[in-house]
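Worksheet for the structure shown next.
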Number of protein chains: 2
Amino acid sequence: MARIPAEQRRHALVQAALAVIYRDGVAAATTRTVVAEAGMSLASFHYVFDSRDELIREVIAAIVEDVEVAASLSLEPGRDIAETVRNGLRAYMLHVQADPMREVMLNELMNHALRDPELAHLPQIQYRIYRRTAATLLELAAAVSGVRWNRPMDEMAHLFATFTDGLSLTWLGDRDDEAAERTIELAALAVSVFAVPIEQPADPV
Amino acid sequence: MARIPAEQRRHALVQAALAVIYRDGVAAATTRTVVAEAGMSLASFHYVFDSRDELIREVIAAIVEDVEVAASLSLEPGRDIAETVRNGLRAYMLHVQADPMREVMLNELMNHALRDPELAHLPQIQYRIYRRTAATLLELAAAVSGVRWNRPMDEMAHLFATFTDGLSLTWLGDRDDEAAERTIELAALAVSVFAVPIEQPADPV
DNA sequence: GTCTATAAGGAGATAGAC
DNA sequence: GTCTATCTCCTTATAGAC
């Protein structure tokens, strides 16, 4: 076969591993299934990776770097904050429902990381990213709806990220579309307690 | 070795499997490690189980039946509803923090179930139990704090269960005790919008 | 650098003695 | 019913030709 730079080969193997894990789970991602997916020989694998463990670690690191959270708010001015938040949560939910196995895969890889002392720090990085994404979205939502949050932004972001986490995990378990929709509705209403009109510097709750 | 009834042997093997999975993950629960944990021979395993798959299925079914959710509310009358809910969420959080690997194990087993068509229905049962537990707790909390919920109980329960799910998963990932505490505080306050004093049949929001 | 061939061991499952 | 011994397959990883 062609002479491929080591870095490129590593990348191709990581991508192949992701495809296998997505399809059949982490356990199914043996060196053999991965090289088959990548169209390589087993020896080529060991030329660029010392071991299967090293591959899995690179897979998890790649996931952490690339987590693109479904972060499209339908930002229509004129909507009140509850409506804007609800629309954002709905968009997130649709993203999960459109590709459930992606979430299962992410959960599997996180569990794997949590059991490997060498990887245990990676989920923390990932959750930092989640939180920052949440913060950005919450700021946008507030701006569009003409409110501000009367709680520290990082607290609001953590609340929001926690809730979306629960939303996807619970739906993966119960597959109850309507319950998810109603829960989103309630959460959007509830979280609006922390929004105050941007004019008056109130201090409610 | 002693002559053990098949049912009892199956049970012992399921318990041994749980111990192994708790310690080292589902992947580590091979027939050999499990029988070693149970102090049996490999043949004894296959005398009562057709295959490893059957064992893992029984393990997951056992988990679903036995899920005892940490459901102790510190129910002190006189506390307002936000405080009561917050105390309940704190108790749940303490339970998770006291034994993180138990949660990791539950996540692993759920992921496993989600990938096995024969087991895919089990998480739904489990989540039905979660919801019913949540409903019971929310009713108790309301009673103790002299309020009622102005939303359907099953909606409130699903919201509550979703949030606790997110709480544990997020904490497993970020291990941020203080953020969890603040998120609990905010959630308890937010969810209180749906509580109305028990005297007046109001209809807010 | 990339390949085929193979070593070395772990896995699930069974045979057959007791 | 329970055991030891074994079959067969699959795994990770390496050797050595090209």
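Each chain in the structure tokens gets a letter, A, B, ..., in the order shown, and its residues are numbered from 1; ligands are numbered from 1 in order too.
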
I'd like a table as a Markdown table: residues in chain D with an atom no more than 10 Å from chain B, each row giving the shortest atom pair and its distance in Å to one decimal, only C-alpha atoms (C1' of nucleotides) counted, sorted by chain and rising residue number.
| residue | atom | partner | partner_atom | distance |
| --- | --- | --- | --- | --- |
| D:DG1 | C1' | B:Arg3 | CA | 6.4 |
| D:DT2 | C1' | B:Ser44 | CA | 6.6 |
| D:DC3 | C1' | B:Ser41 | CA | 7.4 |
| D:DT4 | C1' | B:Ser41 | CA | 9.4 |

Neighbours of chain A in chain B at 9 Å, counting only C-alpha atoms, as a VMD selection string: chain B and resid 24 to 25 27 101 104 to 105 107 to 108 110 to 112 114 to 115 120 to 128 151 154 to 156 158 to 176 179 to 180 182 to 184 186 to 187 189 to 194 205

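The gap separating CA of Ser74 in chain A from CA of Ala98 in chain A is 17.5 Å, in Å to one decimal.
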
Interface list for chain C, partner chain B, 8 Å threshold, only C-alpha atoms (C1' of nucleotides), as an MDAnalysis selection string: chainID C and resid 11:13

Only C-alpha atoms (C1' of nucleotides), please: the residues just picked out, written as a PDB file, in the first residue's frame.
ATOM      1  C1'  DA C  11     -11.758 -15.974  25.717  1.00  0.00           C
ATOM      2  C1'  DG C  12     -16.285 -18.903  25.520  1.00  0.00           C
ATOM      3  C1'  DA C  13     -17.895 -23.248  25.633  1.00  0.00           C
TER       4       DA C  13
END

Which residues of chain D come within 10 Å of range 1-7 of chain C, and for each one, what is the closest pair of atoms and their distance in Å to one decimal, counting only C-alpha atoms (C1' of nucleotides), sorted by chain and residue number, as JSON lines?
{"residue": "D:DA13", "atom": "C1'", "partner": "C:DA7", "partner_atom": "C1'", "distance": 8.8}
{"residue": "D:DT14", "atom": "C1'", "partner": "C:DA7", "partner_atom": "C1'", "distance": 7.7}
{"residue": "D:DA15", "atom": "C1'", "partner": "C:DT6", "partner_atom": "C1'", "distance": 8.0}
{"residue": "D:DG16", "atom": "C1'", "partner": "C:DA5", "partner_atom": "C1'", "distance": 9.1}
{"residue": "D:DA17", "atom": "C1'", "partner": "C:DT4", "partner_atom": "C1'", "distance": 8.5}
{"residue": "D:DC18", "atom": "C1'", "partner": "C:DC3", "partner_atom": "C1'", "distance": 7.8}

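Between CA of Leu137 in chain B and CA of Val85 in chain B there is a distance of 9.0 Å.
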
For CA of Leu106 in chain A and CA of Glu58 in chain B, quote the distance in Å rounded to one decimal.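 Separating CA of Leu106 in chain A from CA of Glu58 in chain B is a distance of 25.0 Å.
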
Among range 24-203 of chain A, which ones does DSSP place in strand (DSSP E or B), written as JSON, numbers by chain? {"A": [147, 148, 149, 195, 196, 197]}

Dump as a PDB file, in the first residue's frame, selection limited to C-alpha atoms:
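New file again24.pdb:
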ATOM      1  CA  VAL A 147     -33.268  40.248  29.986  1.00  0.00           C
ATOM      2  CA  ARG A 148     -30.246  39.586  32.134  1.00  0.00           C
ATOM      3  CA  TRP A 149     -29.596  36.723  34.508  1.00  0.00           C
ATOM      4  CA  ALA A 195     -34.196  36.418  34.332  1.00  0.00           C
ATOM      5  CA  VAL A 196     -34.968  40.044  34.983  1.00  0.00           C
ATOM      6  CA  PRO A 197     -35.856  42.736  32.451  1.00  0.00           C
TER       7      PRO A 197
END
